[in-house]
Structure formats: C-alpha cells, structure tokens
Amino acid sequence: MANLDAIFHGLADPTRRAVITRLAGGPAAVSELAAPHDMALPSFLQHLKVLEQAGLVKSRKLGRVRTCSLEMQAMTEIEQWIDERKRFWAQQYDQLAAYLASTAPEENDR
C-alpha cells in the first residue's frame with residue numbers, strides 16, 4: 001500500500017473523480033473523457049497524468065486515439081485500506097458498548 005498517498009491524491013480532485021466514475025462504465029477515448037470538462041485539453045491531460053501516476057488509470061494508443069481504462073489494482077488497495085479502518089472502528093464501538101453495558105446502573109438500583 002505504498003501507493004496509497006498517490007491514489008488519494010489522484011482522487012482528491014473532482015475532475016479526476018469524474019473521470020474515474022466515467023471509466024467505471026468502461027474504457028473511453030481521451031477526447032470523450034475531456035468533453036464534459038470546461039478546460040483546455042493540455043490541462044485535462046495533466047489530470048490524466050496524475051491518475052496514471054497513481055495507478056488508477058491506464059492508457060494505450062491505437063492509431064491516433066488514446067484510450068483510457070480503469071486500473072482495478074488501485075481500487076483494490078483503497079478497498080483494503082477502508083476495510084481495515086472499518087474493522088478497527090467496529091472493534092472500538094464493540095468495546096465501548098461492552099464498557100457501557102458493564103457500567104450501566106441496573107433497573108433495581110433506581
């Protein structure tokens with residue numbers, strides 16, 4: 001999970017998250033990915049570069065068309081990291097519930 005910082009950096013921008021969302025539906029040409037965004041193509045290509053460096057997206061060129069697709073390994077890393085946090089907090093909540101149950105006044109004490 002050494003790449004986790006780069007992955008979260010890649011996801012930190014709304015344009016890049018929109019690209020990830022679009023690519024979840026399948027591969028797309030760069031021109032198709034750039035179309036909904038109000039920016040110059042060189043600026044958009046910088047966003048793609050960040051996503052590629054993070055391992056979230058891969059691209060390949062066929063003829064004159066560059067096509068991007070989602071890289072699932074990075075998504076798996078994110079999922080594993082989140083699952084670890086969820087397990088930790090579930091354990092913390094369970095311990096808190098057990099503590100509160102053990103220190104709660106009994107009904108007869110009222």
# chains A, B, ... in the order shown; residues from 1 in each chain; ligands from 1
call {"tool": "select_by_dssp", "arguments": {"residues": "range 18-71 of chain A", "states": "strand (DSSP E)", "output": "PyMOL selection string"}}
result
chain A and resi 28-29+57-62+65-70
call {"tool": "residues_around", "arguments": {"residues": "range 46-53 of chain A", "least_positions_apart": "3", "cutoff": "10 Å", "atoms": "only C-alpha atoms", "output": "ChimeraX atom specification"}}
result
/A:3,6-11,13,15-17,19-20,30,33-34,41-43,56-59,68-71
call {"tool": "closest_residue", "arguments": {"among": "A:Ala29, A:Ala74, A:Ala12, A:Ala24", "to": "Leu62 in chain A", "atoms": "only C-alpha atoms"}}
result
A:Ala29
call {"tool": "select_by_dssp", "arguments": {"residues": "chain A", "states": "helix (DSSP H, G or I)", "output": "VMD selection string"}}
result
chain A and resid 4 to 11 14 to 23 30 to 34 41 to 53 72 to 103 107 to 109
